[in-house]
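Okay, so here's the structure we're looking at.
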Amino acid sequence: MKSLTANCAHCGRSNEVTVSVAQVRGTEAVDPHFGMSLLLIEKTAAGLLWAYNAAHLQALHDYAAAPLRESTGIANRSMFSRLPQWMKLARNRVLLQKATARLIAKASAIG
């Protein structure tokens with residue numbers, strides 16, 4: 001357990017909040033620190049796509065749209081090296097691009 005100071009963006013009030021690392025529940029998309037379900041989730045024919053926030057989603061979209069995916073030579077050091085295999089397959093590029101585009105629209109609607 002860890003205690004963090006949380007500040008309200010609206011009123012400025014500050015509180016100490018106790019947080020702990022949550023265990024991932026199976027294949028469910030949850031935040032690893034708070035255990036809350038994620039909002040940016042899209043089921044595809046190949047697998048479940050999820051993103052933490054707009055920046056994470058944009059990185060996934062850029063990865064899907066990249067014409068050439070080069071390795072830096074250091075295994076398992078980047079987010080992209082840890083993606084599920086279905087996201088890395090060339091045959092799923094269009095599927096991944098469409099799914100990320102739908103989630104980008106959803107994220108824009110959420111605000």
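By convention here, the chains of the structure tokens are called A, B, ... in the order presented, each chain's residues are numbered starting at 1, and ligands are numbered starting at 1 in the order presented.
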
Extract the full set of strand (DSSP E) residues from chain A according to DSSP on the backbone, and format it as an NGL selection string.
:A and (2-7 or 14-19 or 40-43 or 48-51)

Got a sec to tell me which of chain A DSSP assigns to helix (DSSP H, G or I), as JSON, numbers by chain?
{"A": [54, 55, 56, 57, 58, 59, 60, 61, 62, 63, 64, 65, 80, 81, 82, 85, 86, 87, 88, 90, 91, 92, 93, 94, 95, 96, 97, 98, 99, 100, 101, 102, 103, 104, 105, 106, 107, 108, 109, 110]}

Check the smallest atom-to-atom distance from each of A:Leu40, A:Ile110, A:Cys8, A:Leu89 to Gln58 in chain A using only C-alpha atoms, then report the winner.
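Smallest distance to Gln58 in chain A is found for A:Leu40.
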
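With distances restricted to only C-alpha atoms, A:Phe80 is the closest residue to Asp62 in chain A from A:Arg13, A:Ser37, A:Ala105, A:Phe80.
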
Nearest residue to Asn53 in chain A from the set A:Met79, A:Cys11, A:Leu39, A:Ala66 (distances using only C-alpha atoms):
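Closest to Asn53 in chain A, using only C-alpha atoms: A:Leu39.
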
Using only C-alpha atoms, find the one residue out of A:Val30, A:Leu38, A:Ala6, A:Ala101 that sits nearest to Ala64 in chain A.
A:Ala101

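For the residues A:Val17, A:Leu95, A:Ile104, A:Ala46, ranking by smallest atom-to-atom distance to Ala59 in chain A using only C-alpha atoms places A:Ile104 first.
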
If you count only C-alpha atoms, the residue of A:Ser3, A:Ser78, A:Ser108, A:Thr100 closest to Lys43 in chain A turns out to be A:Thr100

Straight-line distance linking CA of His10 in chain A with CA of Ala55 in chain A, stated in Å to one decimal:
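Atom-to-atom, CA of His10 in chain A and CA of Ala55 in chain A are spaced 23.3 Å apart.
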
CA of Leu49 in chain A to CA of Ala99 in chain A, distance in Å rounded to a single decimal:
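Interatomic distance here is 7.5 Å.
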